[in-house]
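*Asks:* Just one file: target36.txt, with compact mmCIF, C-alpha atoms and all ligand atoms.
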```txt
# COMPACT_ATOMS: atom_id res chain seq x y z
CA MET A 1 -17.43 0.80 -12.83
CA LYS A 2 -14.05 2.46 -12.72
CA ARG A 3 -11.92 1.96 -15.83
CA TYR A 4 -8.32 1.18 -15.02
CA ILE A 5 -5.46 1.46 -17.48
CA PRO A 6 -5.93 -1.81 -19.39
CA ILE A 7 -2.69 -3.77 -19.55
CA SER A 8 -2.03 -7.46 -19.06
CA ARG A 9 1.66 -8.24 -19.42
CA THR A 10 4.19 -10.88 -18.54
CA GLU A 11 7.82 -9.98 -17.86
CA GLY A 12 10.64 -12.44 -17.33
CA THR A 13 9.83 -15.84 -15.88
CA ALA A 14 6.26 -15.94 -14.60
CA SER A 15 3.38 -18.32 -14.09
CA ARG A 16 0.19 -17.71 -16.10
CA GLN A 17 -2.16 -18.45 -13.20
CA ALA A 18 -2.14 -16.50 -9.93
CA HIS A 19 -1.34 -18.57 -6.81
CA CYS A 20 -0.36 -21.63 -8.90
CA ASP A 21 2.59 -23.01 -10.88
CA LEU A 22 5.17 -20.71 -9.26
CA PRO A 23 8.64 -20.84 -10.83
CA GLU A 24 10.85 -23.23 -8.82
CA GLY A 25 12.13 -21.80 -5.54
CA THR A 26 10.20 -18.53 -5.73
CA TYR A 27 7.73 -16.73 -3.49
CA GLU A 28 4.68 -15.05 -4.95
CA ARG A 29 3.64 -11.55 -3.93
CA GLU A 30 0.41 -9.90 -5.02
CA MET A 31 0.10 -6.13 -5.28
CA SER A 32 -3.45 -5.07 -6.03
CA LYS A 33 -6.08 -2.33 -6.09
CA GLU A 34 -9.49 -2.41 -4.37
CA GLY A 35 -8.60 -5.29 -2.05
CA PHE A 36 -8.61 -8.31 -4.35
CA PHE A 37 -11.09 -6.88 -6.87
CA GLY A 38 -9.01 -4.46 -8.93
CA PRO A 39 -6.00 -4.77 -11.21
CA ALA A 40 -3.16 -6.74 -9.68
CA ALA A 41 0.44 -7.76 -10.32
CA PHE A 42 1.95 -11.06 -9.18
CA PHE A 43 5.71 -11.07 -8.58
CA HIS A 44 7.91 -14.13 -8.25
CA HIS A 45 10.57 -13.27 -5.68
CA ARG A 46 13.72 -15.13 -4.75
CA HIS A 47 13.20 -14.32 -1.03
CA PRO A 48 10.08 -14.21 1.14
CA PRO A 49 8.92 -10.55 1.17
CA THR A 50 8.52 -10.77 4.97
CA GLY A 51 12.20 -11.59 5.43
CA TRP A 52 13.10 -8.13 6.78
CA SER A 53 16.00 -7.92 9.21
CA ASN A 54 14.84 -4.65 10.78
CA PHE A 55 11.68 -2.50 10.71
CA GLU A 56 11.71 1.06 12.08
CA GLY A 57 9.20 3.90 12.14
CA PRO A 58 5.51 4.25 12.96
CA LEU A 59 4.38 1.67 10.38
CA ARG A 60 4.67 -1.92 11.55
CA PRO A 61 2.65 -5.10 11.99
CA ARG A 62 1.19 -5.09 15.49
CA ALA A 63 -0.40 -7.69 17.74
CA LEU A 64 -2.68 -6.81 20.65
CA ASP A 65 -3.56 -9.36 23.31
CA LEU A 66 -7.15 -8.40 24.11
CA ALA A 67 -7.40 -11.34 26.54
CA ARG A 68 -5.13 -9.28 28.84
CA LEU A 69 -7.63 -6.40 29.05
CA PRO A 70 -9.32 -6.13 32.45
CA GLU A 71 -13.01 -6.85 33.04
CA THR A 72 -14.86 -3.57 32.45
CA SER A 73 -18.12 -2.06 33.64
CA THR A 74 -21.47 -3.45 32.58
CA SER A 75 -21.86 -0.67 30.00
CA PRO A 76 -20.70 -1.46 26.45
CA TRP A 77 -19.85 2.23 26.10
CA GLN A 78 -17.13 1.79 28.75
CA ALA A 79 -15.57 -1.16 26.90
CA ALA A 80 -11.95 -0.72 25.79
CA GLU A 81 -11.78 0.79 22.33
CA VAL A 82 -8.68 -0.71 20.71
CA LEU A 83 -8.76 0.35 17.05
CA ALA A 84 -10.74 3.15 15.46
CA ASN A 85 -11.31 5.45 12.53
CA ALA A 86 -14.24 7.65 11.49
CA ALA A 87 -16.15 4.72 9.93
CA CYS A 88 -15.26 1.82 12.21
CA ARG A 89 -14.66 1.42 15.93
CA VAL A 90 -13.46 -1.84 17.44
CA ARG A 91 -14.05 -2.46 21.14
CA PHE A 92 -13.38 -5.44 23.39
CA TRP A 93 -15.91 -5.82 26.16
CA ARG A 94 -15.56 -8.19 29.10
CA LEU A 95 -18.92 -8.55 30.80
CA ALA A 96 -19.26 -10.79 33.85
CA ARG A 97 -22.52 -9.45 35.33
CA ASN A 98 -25.96 -8.44 34.08
CA MET A 99 -26.11 -5.03 32.42
CA GLU A 100 -27.72 -2.63 34.88
CA ARG A 101 -28.90 -0.30 32.11
CA LEU A 102 -30.14 -0.60 28.57
CA ALA A 103 -27.81 0.44 25.77
CA ARG A 104 -28.61 2.19 22.50
CA ASN A 105 -26.08 3.17 19.88
CA ALA A 106 -27.20 6.26 17.98
CA ASP A 107 -23.87 6.47 16.12
CA GLY A 108 -24.20 3.36 13.99
CA ASP A 109 -24.94 -0.35 13.73
CA ASP A 110 -23.07 -2.59 16.16
CA LEU A 111 -21.81 -6.04 15.26
CA LEU A 112 -21.10 -8.10 18.39
CA PHE A 113 -18.88 -11.13 17.93
CA ILE A 114 -19.17 -13.38 20.99
CA HIS A 115 -15.68 -14.74 21.63
CA ARG A 116 -16.47 -16.48 24.93
CA GLY A 117 -19.47 -17.16 27.18
CA THR A 118 -23.23 -17.25 26.83
CA ALA A 119 -25.94 -14.69 27.60
CA GLU A 120 -29.59 -13.79 27.25
CA LEU A 121 -30.15 -10.80 24.98
CA HIS A 122 -33.31 -8.76 25.60
CA CYS A 123 -33.99 -5.96 23.15
CA ASP A 124 -36.80 -3.96 21.52
CA PHE A 125 -37.51 -6.99 19.32
CA GLY A 126 -37.63 -9.73 21.98
CA HIS A 127 -35.29 -12.34 23.44
CA LEU A 128 -32.40 -14.33 21.97
CA THR A 129 -29.92 -16.66 23.70
CA ILE A 130 -26.43 -15.94 22.40
CA ALA A 131 -23.23 -17.97 22.70
CA ALA A 132 -19.58 -18.11 21.65
CA GLY A 133 -19.17 -17.99 17.88
CA ASP A 134 -22.28 -15.84 17.35
CA TYR A 135 -22.30 -12.64 15.39
CA VAL A 136 -25.15 -10.46 16.68
CA LEU A 137 -25.96 -7.50 14.46
CA LEU A 138 -27.80 -4.74 16.35
CA PRO A 139 -29.23 -2.10 14.01
CA ARG A 140 -28.56 1.49 15.05
CA GLY A 141 -31.16 2.64 17.58
CA THR A 142 -31.94 -0.79 19.06
CA MET A 143 -32.40 -0.74 22.85
CA TRP A 144 -30.80 -3.83 24.37
CA ARG A 145 -29.23 -5.45 27.38
CA LEU A 146 -27.41 -8.70 28.18
CA GLU A 147 -27.63 -11.12 31.09
CA PRO A 148 -24.54 -13.34 30.94
CA ALA A 149 -24.92 -16.95 32.08
CA GLU A 150 -21.12 -17.23 31.86
CA PRO A 151 -18.69 -14.27 31.61
CA LEU A 152 -18.73 -12.83 28.10
CA ASP A 153 -15.87 -11.61 25.95
CA VAL A 154 -17.25 -9.62 23.05
CA LEU A 155 -15.53 -8.06 20.05
CA MET A 156 -17.75 -5.08 19.15
CA ILE A 157 -17.43 -3.66 15.65
CA GLU A 158 -19.31 -0.38 15.21
CA SER A 159 -20.19 0.69 11.68
CA THR A 160 -20.28 4.41 12.37
CA ASN A 161 -22.97 6.29 10.45
CA ALA A 162 -23.50 3.41 8.00
CA SER A 163 -25.47 0.17 7.91
CA TYR A 164 -24.22 -3.39 7.61
CA HIS A 165 -25.25 -5.35 4.53
CA LEU A 166 -24.72 -8.88 3.30
CA PRO A 167 -22.25 -9.20 0.42
CA ASP A 168 -23.34 -9.98 -3.12
CA LYS A 169 -22.50 -13.68 -3.45
CA GLY A 170 -22.19 -13.33 -7.22
CA LEU A 171 -21.70 -16.53 -9.20
CA VAL A 172 -22.58 -18.84 -6.33
CA GLY A 173 -25.91 -17.20 -5.48
CA PRO A 174 -27.55 -15.96 -2.28
CA HIS A 175 -27.86 -19.32 -0.52
CA ALA A 176 -24.17 -20.26 -0.65
CA ILE A 177 -21.74 -19.77 2.26
CA PHE A 178 -24.72 -19.35 4.55
CA ASP A 179 -28.40 -19.44 3.71
CA PRO A 180 -30.29 -16.33 4.89
CA ALA A 181 -32.68 -18.84 6.50
CA VAL A 182 -30.03 -19.60 9.17
CA LEU A 183 -30.20 -16.01 10.46
CA ASP A 184 -32.06 -15.93 13.80
CA THR A 185 -34.03 -12.96 15.10
CA PRO A 186 -35.25 -12.26 18.66
CA LYS A 187 -38.55 -13.77 19.78
CA ILE A 188 -41.34 -12.34 21.88
CA ASP A 189 -41.32 -15.46 24.05
CA GLU A 190 -42.02 -16.36 27.68
CA ALA A 191 -38.57 -15.17 28.84
CA PHE A 192 -39.17 -11.78 27.20
CA LYS A 193 -42.63 -11.46 28.72
CA ALA A 194 -41.26 -12.47 32.14
CA GLN A 195 -38.71 -9.62 32.10
CA GLN A 196 -41.54 -7.23 31.14
CA ALA A 197 -43.46 -8.29 34.26
CA VAL A 198 -40.74 -6.96 36.61
CA ALA A 199 -41.78 -3.45 37.67
CA ARG A 200 -38.77 -1.18 38.10
CA GLU A 201 -37.21 2.01 36.84
CA TRP A 202 -34.88 1.59 33.84
CA GLN A 203 -32.21 3.79 32.40
CA VAL A 204 -31.09 3.80 28.79
CA GLU A 205 -27.52 4.82 27.96
CA VAL A 206 -27.63 6.39 24.51
CA LYS A 207 -24.34 6.90 22.71
CA ARG A 208 -24.41 9.71 20.17
CA ARG A 209 -21.29 11.34 18.70
CA GLY A 210 -19.28 9.29 21.15
CA ALA A 211 -20.92 10.88 24.21
CA VAL A 212 -23.32 8.99 26.48
CA SER A 213 -26.64 10.44 27.64
CA THR A 214 -28.90 8.66 30.10
CA ILE A 215 -32.68 8.55 29.71
CA THR A 216 -34.69 7.32 32.70
CA TYR A 217 -38.08 5.64 32.43
CA PRO A 218 -40.32 4.80 35.38
CA PHE A 219 -41.11 1.52 33.56
CA ASN A 220 -39.36 -1.09 31.42
CA PRO A 221 -39.18 0.28 27.87
CA LEU A 222 -38.66 -3.23 26.46
CA ASP A 223 -42.42 -3.61 26.62
CA ALA A 224 -43.43 -4.31 23.01
CA ILE A 225 -46.07 -7.01 22.69
CA GLY A 226 -45.23 -7.49 19.01
CA TRP A 227 -43.68 -5.97 15.90
CA HIS A 228 -43.52 -6.47 12.15
CA GLY A 229 -41.13 -5.29 9.48
CA GLU A 230 -37.90 -5.99 7.62
CA LEU A 231 -35.49 -4.59 10.21
CA ALA A 232 -34.34 -6.57 13.24
CA PRO A 233 -31.20 -7.75 15.02
CA VAL A 234 -29.86 -10.94 13.45
CA ARG A 235 -27.66 -13.70 14.78
CA LEU A 236 -25.32 -15.81 12.66
CA ASN A 237 -23.08 -18.46 14.21
CA VAL A 238 -19.69 -19.09 12.61
CA ARG A 239 -20.48 -22.82 12.60
CA ASP A 240 -23.29 -22.09 10.12
CA ILE A 241 -20.76 -20.68 7.65
CA ARG A 242 -19.85 -23.11 4.83
CA PRO A 243 -16.74 -21.52 3.36
CA LEU A 244 -16.01 -21.40 -0.34
CA MET A 245 -12.92 -23.25 -1.48
CA SER A 246 -11.38 -24.61 -4.65
CA HIS A 247 -9.14 -27.66 -4.65
CA ARG A 248 -7.05 -26.01 -7.39
CA TYR A 249 -6.87 -22.33 -6.36
CA HIS A 250 -6.21 -20.56 -3.06
CA LEU A 251 -9.15 -18.17 -2.81
CA PRO A 252 -8.46 -14.64 -1.58
CA PRO A 253 -9.79 -13.57 1.85
CA SER A 254 -12.59 -11.65 0.12
CA ALA A 255 -14.23 -15.05 -0.66
CA HIS A 256 -14.92 -15.21 3.09
CA THR A 257 -16.74 -11.86 3.37
CA THR A 258 -19.61 -12.09 5.85
CA PHE A 259 -20.78 -8.49 6.36
CA LEU A 260 -20.17 -5.30 4.40
CA SER A 261 -20.24 -1.71 5.54
CA SER A 262 -19.59 1.32 3.38
CA ARG A 263 -15.89 1.70 4.35
CA PHE A 264 -14.96 -1.77 5.66
CA VAL A 265 -15.73 -5.47 5.37
CA VAL A 266 -15.97 -8.24 7.95
CA CYS A 267 -14.77 -11.69 6.82
CA THR A 268 -14.87 -15.01 8.67
CA PHE A 269 -12.20 -17.68 8.40
CA ALA A 270 -13.77 -21.04 9.20
CA PRO A 271 -12.20 -24.52 8.87
CA ARG A 272 -11.92 -25.70 5.26
CA PRO A 273 -9.94 -28.37 3.39
CA PHE A 274 -6.55 -27.46 1.99
CA GLU A 275 -6.13 -27.29 -1.77
CA THR A 276 -5.06 -30.66 -3.22
CA ASP A 277 -3.65 -29.73 -6.66
CA PRO A 278 0.13 -30.20 -6.20
CA LYS A 279 0.90 -26.90 -7.95
CA ALA A 280 -1.66 -24.76 -6.10
CA LEU A 281 -0.62 -22.67 -3.08
CA LYS A 282 -1.90 -24.06 0.24
CA VAL A 283 -1.21 -20.99 2.38
CA PRO A 284 -2.24 -17.34 2.04
CA PHE A 285 -0.14 -15.65 -0.63
CA PHE A 286 2.12 -12.73 0.27
CA HIS A 287 0.31 -9.52 -0.50
CA ASN A 288 0.38 -5.78 -0.12
CA ASN A 289 -2.97 -4.67 1.22
CA ASP A 290 -2.25 -1.23 -0.22
CA ASP A 291 -5.83 0.04 -0.20
CA TYR A 292 -6.85 -1.45 3.16
CA ASP A 293 -5.76 -1.69 6.79
CA GLU A 294 -6.19 -5.28 7.90
CA VAL A 295 -7.26 -6.57 11.32
CA ILE A 296 -7.62 -10.24 12.30
CA PHE A 297 -9.18 -11.36 15.58
CA TYR A 298 -8.29 -14.94 16.53
CA HIS A 299 -11.28 -16.76 17.99
CA ALA A 300 -10.30 -20.47 18.05
CA GLY A 301 -7.92 -22.93 16.40
CA ASP A 302 -4.24 -23.04 15.41
CA PHE A 303 -4.02 -19.97 13.12
CA PHE A 304 -1.66 -21.27 10.46
CA SER A 305 1.07 -22.11 12.98
CA ARG A 306 1.72 -18.56 14.09
CA ASP A 307 3.87 -18.68 17.21
CA ASN A 308 2.68 -16.64 20.19
CA ILE A 309 -0.75 -15.96 18.71
CA HIS A 310 -3.57 -17.31 20.85
CA PRO A 311 -7.37 -16.91 21.05
CA GLY A 312 -8.38 -13.38 22.03
CA MET A 313 -5.47 -11.73 20.21
CA VAL A 314 -5.82 -9.35 17.34
CA THR A 315 -3.21 -8.60 14.67
CA PHE A 316 -3.15 -5.29 12.83
CA HIS A 317 -1.41 -4.91 9.49
CA PRO A 318 -1.68 -1.31 8.32
CA ALA A 319 -1.41 -0.79 4.55
CA GLY A 320 2.10 -0.20 3.25
CA PHE A 321 4.12 -3.40 3.60
CA THR A 322 3.86 -6.98 2.43
CA HIS A 323 2.56 -9.62 4.79
CA GLY A 324 2.09 -13.35 4.47
CA PRO A 325 2.77 -16.73 6.01
CA HIS A 326 5.11 -17.16 8.95
CA PRO A 327 8.23 -19.33 8.41
CA LYS A 328 6.68 -22.48 9.88
CA ALA A 329 3.60 -22.20 7.65
CA LEU A 330 5.73 -21.32 4.64
CA LYS A 331 7.49 -24.68 4.84
CA ARG A 332 4.15 -26.22 3.97
CA MET A 333 3.45 -23.82 1.09
CA PHE A 334 2.75 -26.70 -1.34
CA GLU A 335 2.37 -29.68 0.97
CA GLN A 336 0.19 -29.76 4.07
CA THR A 337 0.30 -32.47 6.70
CA LYS A 338 -3.32 -31.95 7.80
CA PRO A 339 -6.34 -32.27 5.51
CA ALA A 340 -7.95 -29.00 6.58
CA THR A 341 -7.41 -25.67 8.30
CA ASP A 342 -8.42 -25.52 11.94
CA GLU A 343 -9.14 -21.89 12.71
CA TYR A 344 -11.96 -19.50 13.34
CA ALA A 345 -11.00 -15.87 12.93
CA VAL A 346 -12.74 -12.59 12.21
CA MET A 347 -11.08 -10.22 9.75
CA ILE A 348 -11.89 -6.51 9.49
CA ASP A 349 -10.49 -4.75 6.42
CA THR A 350 -10.92 -0.99 6.47
CA ARG A 351 -10.60 1.34 3.48
CA ASP A 352 -9.39 4.16 5.78
CA PRO A 353 -6.44 3.99 8.17
CA LEU A 354 -7.13 2.79 11.72
CA ASP A 355 -5.51 4.15 14.86
CA VAL A 356 -4.41 1.90 17.71
CA THR A 357 -5.73 3.50 20.89
CA GLU A 358 -3.90 3.79 24.20
CA ALA A 359 -5.97 0.89 25.58
CA GLY A 360 -4.94 -1.23 22.61
CA ALA A 361 -1.26 -0.29 22.84
CA ALA A 362 -1.30 -1.18 26.56
CA VAL A 363 -1.76 -4.87 25.68
CA GLU A 364 0.55 -4.95 22.66
CA TRP A 365 3.00 -7.79 22.10
CA THR A 366 5.85 -5.79 20.65
CA GLY A 367 7.77 -8.84 19.40
CA TYR A 368 5.26 -9.40 16.58
CA VAL A 369 7.21 -7.39 14.00
CA ASP A 370 10.14 -9.81 14.47
CA SER A 371 8.02 -12.96 14.31
CA TRP A 372 8.80 -13.61 10.61
CA LYS A 373 12.52 -13.87 11.29
CA GLY A 374 14.03 -17.05 9.96
CA ALA A 375 11.84 -16.86 6.85
FE FE B 1 -3.85 -9.76 4.25
```
Transcribe the structure of this file into structure tokens.
*Replies:*
Amino acid sequence: MKRYIPISRTEGTASRQAHCDLPEGTYEREMSKEGFFGPAAFFHHRHPPTGWSNFEGPLRPRALDLARLPETSTSPWQAAEVLANAACRVRFWRLARNMERLARNADGDDLLFIHRGTAELHCDFGHLTIAAGDYVLLPRGTMWRLEPAEPLDVLMIESTNASYHLPDKGLVGPHAIFDPAVLDTPKIDEAFKAQQAVAREWQVEVKRRGAVSTITYPFNPLDAIGWHGELAPVRLNVRDIRPLMSHRYHLPPSAHTTFLSSRFVVCTFAPRPFETDPKALKVPFFHNNDDYDEVIFYHAGDFFSRDNIHPGMVTFHPAGFTHGPHPKALKRMFEQTKPATDEYAVMIDTRDPLDVTEAGAAVEWTGYVDSWKGA
């Protein structure tokens, strides 16, 4: 454990409990280390920290409309890469037809989030039917292919040179949020055996160090008759996530962590009741994500009343400025009209800075930086 400089102070007029009991007419801003796990300071401001009148320079909040990306080839390695750093690569893949070749990622584990559509997954380990709302974690080296029943939109999150893990669920234990028993793995079933029976030549596109090599077999290499072990692709549907909440305390996004890699985390926002204590915040608190770049992919729902944000969009908040609720949401900071949130979103928080690629910038909504105006 790192030892930080141990101070706990109060200056001026301040509440004694984060995210609650704010002095009248103030806006709370959290500045913290290590995401939400390190030392933090909570300021009570007279104005919303997102109330900027102008924002210039390379740093800015950005929104990319991935739903505007064109349908790509049937190879995941041709999918549009939209955000990337050395430890994490985010692609958006629009697949309308069966993959003609097998894929294998030799660079890292791939986490597929199915935004839209359904498909049959055939891989080294067997067959799995996948649908919208599924996370499908493919361990590095897995050979796989998809046969869409309906066109698929897939957010692919590569954990480059590192494996995905489940987070330590700490005080609430390993069966909270989702029970490991809800994780599905592929089956060696009739559908899998049927695809083995088709005699044809198959090619495998192997991605290693970002370059694709093609290995040809005169037979179908997905020909295992069985396997055993502790390593396999797993599927988790967002509807199987039972989010943590407290009626008296707005939990930080880290409470919704679903998968961990060595340099980033993947969190899932799923519908949950609003806090009911009259003095507890009901919206995300303003914060500086100073140690992390923050990406949110909007899957379904109303997204805290953000104007112009629709399913298939991604917002990118690089570290370095404060972000928080939009003006409409802020009006309901302490009093909500609905009983619960209505959103499914995937958040990727990276410890290292991400770059927006050319493909990502091509579908940018440049008005996003001004969307807090009126706050
Ligand atoms: Fe954030």
*Asks:* Record the distance separating atom CA of A:Glu343 and atom CA of A:Met245, expressed in Å with one decimal.
*Replies:* 14.7 Å
*Asks:* Per residue of chain A within 10 Å of ligand FE 1 (chain B), record the nearest atom pair and its distance in Å to one decimal, counting only C-alpha atoms and all ligand atoms, with rows in chain order and ascending residue number, as a tab-separated table.
*Replies:*
```
residue	atom	partner	partner_atom	distance
A:Gly35	CA	B:FE1	FE	9.1
A:Phe36	CA	B:FE1	FE	9.9
A:Pro252	CA	B:FE1	FE	8.9
A:Pro253	CA	B:FE1	FE	7.5
A:Ser254	CA	B:FE1	FE	9.8
A:Pro284	CA	B:FE1	FE	8.1
A:Phe285	CA	B:FE1	FE	8.5
A:Phe286	CA	B:FE1	FE	7.8
A:His287	CA	B:FE1	FE	6.3
A:Asn288	CA	B:FE1	FE	7.3
A:Asn289	CA	B:FE1	FE	6.0
A:Asp290	CA	B:FE1	FE	9.8
A:Tyr292	CA	B:FE1	FE	8.9
A:Asp293	CA	B:FE1	FE	8.7
A:Glu294	CA	B:FE1	FE	6.2
A:Val295	CA	B:FE1	FE	8.5
A:Ile296	CA	B:FE1	FE	8.9
A:Phe316	CA	B:FE1	FE	9.7
A:His317	CA	B:FE1	FE	7.5
A:Pro318	CA	B:FE1	FE	9.6
A:Ala319	CA	B:FE1	FE	9.3
A:Thr322	CA	B:FE1	FE	8.4
A:His323	CA	B:FE1	FE	6.4
A:Gly324	CA	B:FE1	FE	6.9
A:Pro325	CA	B:FE1	FE	9.8
A:Met347	CA	B:FE1	FE	9.1
A:Asp349	CA	B:FE1	FE	8.6
```
*Asks:* Using only C-alpha atoms, which protein or nucleic acid residues come within 10 Å of stretch 168-173 of chain A? Drop anything in the same chain fewer than 2 positions from it, and give the result as a PDB file with C-alpha atoms, in the coordinates of the input.
*Replies:*
```pdb
ATOM      1  CA  HIS A 165     -25.250  -5.350   4.530  1.00  0.00           C
ATOM      2  CA  LEU A 166     -24.720  -8.880   3.300  1.00  0.00           C
ATOM      3  CA  HIS A 175     -27.860 -19.320  -0.520  1.00  0.00           C
ATOM      4  CA  ALA A 176     -24.170 -20.260  -0.650  1.00  0.00           C
ATOM      5  CA  ILE A 177     -21.740 -19.770   2.260  1.00  0.00           C
ATOM      6  CA  ASP A 179     -28.400 -19.440   3.710  1.00  0.00           C
ATOM      7  CA  LEU A 244     -16.010 -21.400  -0.340  1.00  0.00           C
ATOM      8  CA  ALA A 255     -14.230 -15.050  -0.660  1.00  0.00           C
ATOM      9  CA  THR A 257     -16.740 -11.860   3.370  1.00  0.00           C
ATOM     10  CA  THR A 258     -19.610 -12.090   5.850  1.00  0.00           C
ATOM     11  CA  PHE A 259     -20.780  -8.490   6.360  1.00  0.00           C
ATOM     12  CA  LEU A 260     -20.170  -5.300   4.400  1.00  0.00           C
TER      13      LEU A 260
END
```
*Asks:* Pull the neighbourhood of (5.6, -12.3, -5.9) for me: all residues within 12 Å in file coordinates, counting all atoms listed in the file, as number ranges by chain.
*Replies:* A: 13-15, 18-20, 22-23, 25-32, 40-50, 285-288, 322-324
*Asks:* If you keep C-alpha atoms, can you produce a file of those selected residues as a PDB file, in the frame of the given file?
*Replies:*
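Final output, selection.pdb:
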```
ATOM      1  CA  THR A  13       9.830 -15.840 -15.880  1.00  0.00           C
ATOM      2  CA  ALA A  14       6.260 -15.940 -14.600  1.00  0.00           C
ATOM      3  CA  SER A  15       3.380 -18.320 -14.090  1.00  0.00           C
ATOM      4  CA  ALA A  18      -2.140 -16.500  -9.930  1.00  0.00           C
ATOM      5  CA  HIS A  19      -1.340 -18.570  -6.810  1.00  0.00           C
ATOM      6  CA  CYS A  20      -0.360 -21.630  -8.900  1.00  0.00           C
ATOM      7  CA  LEU A  22       5.170 -20.710  -9.260  1.00  0.00           C
ATOM      8  CA  PRO A  23       8.640 -20.840 -10.830  1.00  0.00           C
ATOM      9  CA  GLY A  25      12.130 -21.800  -5.540  1.00  0.00           C
ATOM     10  CA  THR A  26      10.200 -18.530  -5.730  1.00  0.00           C
ATOM     11  CA  TYR A  27       7.730 -16.730  -3.490  1.00  0.00           C
ATOM     12  CA  GLU A  28       4.680 -15.050  -4.950  1.00  0.00           C
ATOM     13  CA  ARG A  29       3.640 -11.550  -3.930  1.00  0.00           C
ATOM     14  CA  GLU A  30       0.410  -9.900  -5.020  1.00  0.00           C
ATOM     15  CA  MET A  31       0.100  -6.130  -5.280  1.00  0.00           C
ATOM     16  CA  SER A  32      -3.450  -5.070  -6.030  1.00  0.00           C
ATOM     17  CA  ALA A  40      -3.160  -6.740  -9.680  1.00  0.00           C
ATOM     18  CA  ALA A  41       0.440  -7.760 -10.320  1.00  0.00           C
ATOM     19  CA  PHE A  42       1.950 -11.060  -9.180  1.00  0.00           C
ATOM     20  CA  PHE A  43       5.710 -11.070  -8.580  1.00  0.00           C
ATOM     21  CA  HIS A  44       7.910 -14.130  -8.250  1.00  0.00           C
ATOM     22  CA  HIS A  45      10.570 -13.270  -5.680  1.00  0.00           C
ATOM     23  CA  ARG A  46      13.720 -15.130  -4.750  1.00  0.00           C
ATOM     24  CA  HIS A  47      13.200 -14.320  -1.030  1.00  0.00           C
ATOM     25  CA  PRO A  48      10.080 -14.210   1.140  1.00  0.00           C
ATOM     26  CA  PRO A  49       8.920 -10.550   1.170  1.00  0.00           C
ATOM     27  CA  THR A  50       8.520 -10.770   4.970  1.00  0.00           C
ATOM     28  CA  PHE A 285      -0.140 -15.650  -0.630  1.00  0.00           C
ATOM     29  CA  PHE A 286       2.120 -12.730   0.270  1.00  0.00           C
ATOM     30  CA  HIS A 287       0.310  -9.520  -0.500  1.00  0.00           C
ATOM     31  CA  ASN A 288       0.380  -5.780  -0.120  1.00  0.00           C
ATOM     32  CA  THR A 322       3.860  -6.980   2.430  1.00  0.00           C
ATOM     33  CA  HIS A 323       2.560  -9.620   4.790  1.00  0.00           C
ATOM     34  CA  GLY A 324       2.090 -13.350   4.470  1.00  0.00           C
TER      35      GLY A 324
END
```
*Asks:* Rank A:Pro278, A:Pro233, A:Gly210, A:Gly360 by their smallest atom-to-atom distance to A:Arg332, using all atoms listed in the file, and report the top residue only.
*Replies:* A:Pro278
*Asks:* What are the centre and edge lengths in Å, to one decimal, of the axis-aligned box around all listed atoms of stretch 43-62 of chain A with 5 Å added on each side, as AutoDock Vina command-line options?
*Replies:*
```
--center_x 8.6 --center_y -5.4 --center_z 3.5 --size_x 24.8 --size_y 29.4 --size_z 34.1
```
*Asks:* Using all atoms listed in the file, which residues sit within 8 Å of stretch 87-99 of chain A once same-chain residues fewer than 6 positions away are excluded, as a ChimeraX atom specification?
*Replies:* /A:66,70-76,79-81,145-148,150-162,263-264,350,352
*Asks:* List the neighbours of A:Asp342 out to 9 Å using only C-alpha atoms; skip same-chain residues closer than 5 positions along the sequence, and give me the result as a PDB file with C-alpha atoms, in the coordinates of the input.
*Replies:*
```pdb
ATOM      1  CA  ALA A 270     -13.770 -21.040   9.200  1.00  0.00           C
ATOM      2  CA  PRO A 271     -12.200 -24.520   8.870  1.00  0.00           C
ATOM      3  CA  ARG A 272     -11.920 -25.700   5.260  1.00  0.00           C
ATOM      4  CA  ALA A 300     -10.300 -20.470  18.050  1.00  0.00           C
ATOM      5  CA  GLY A 301      -7.920 -22.930  16.400  1.00  0.00           C
ATOM      6  CA  ASP A 302      -4.240 -23.040  15.410  1.00  0.00           C
ATOM      7  CA  PHE A 303      -4.020 -19.970  13.120  1.00  0.00           C
ATOM      8  CA  PHE A 304      -1.660 -21.270  10.460  1.00  0.00           C
TER       9      PHE A 304
END
```
*Asks:* Please compute the atom CA of A:Ala63-atom CA of A:Met313 distance, one decimal, in Å.
*Replies:* 6.9 Å
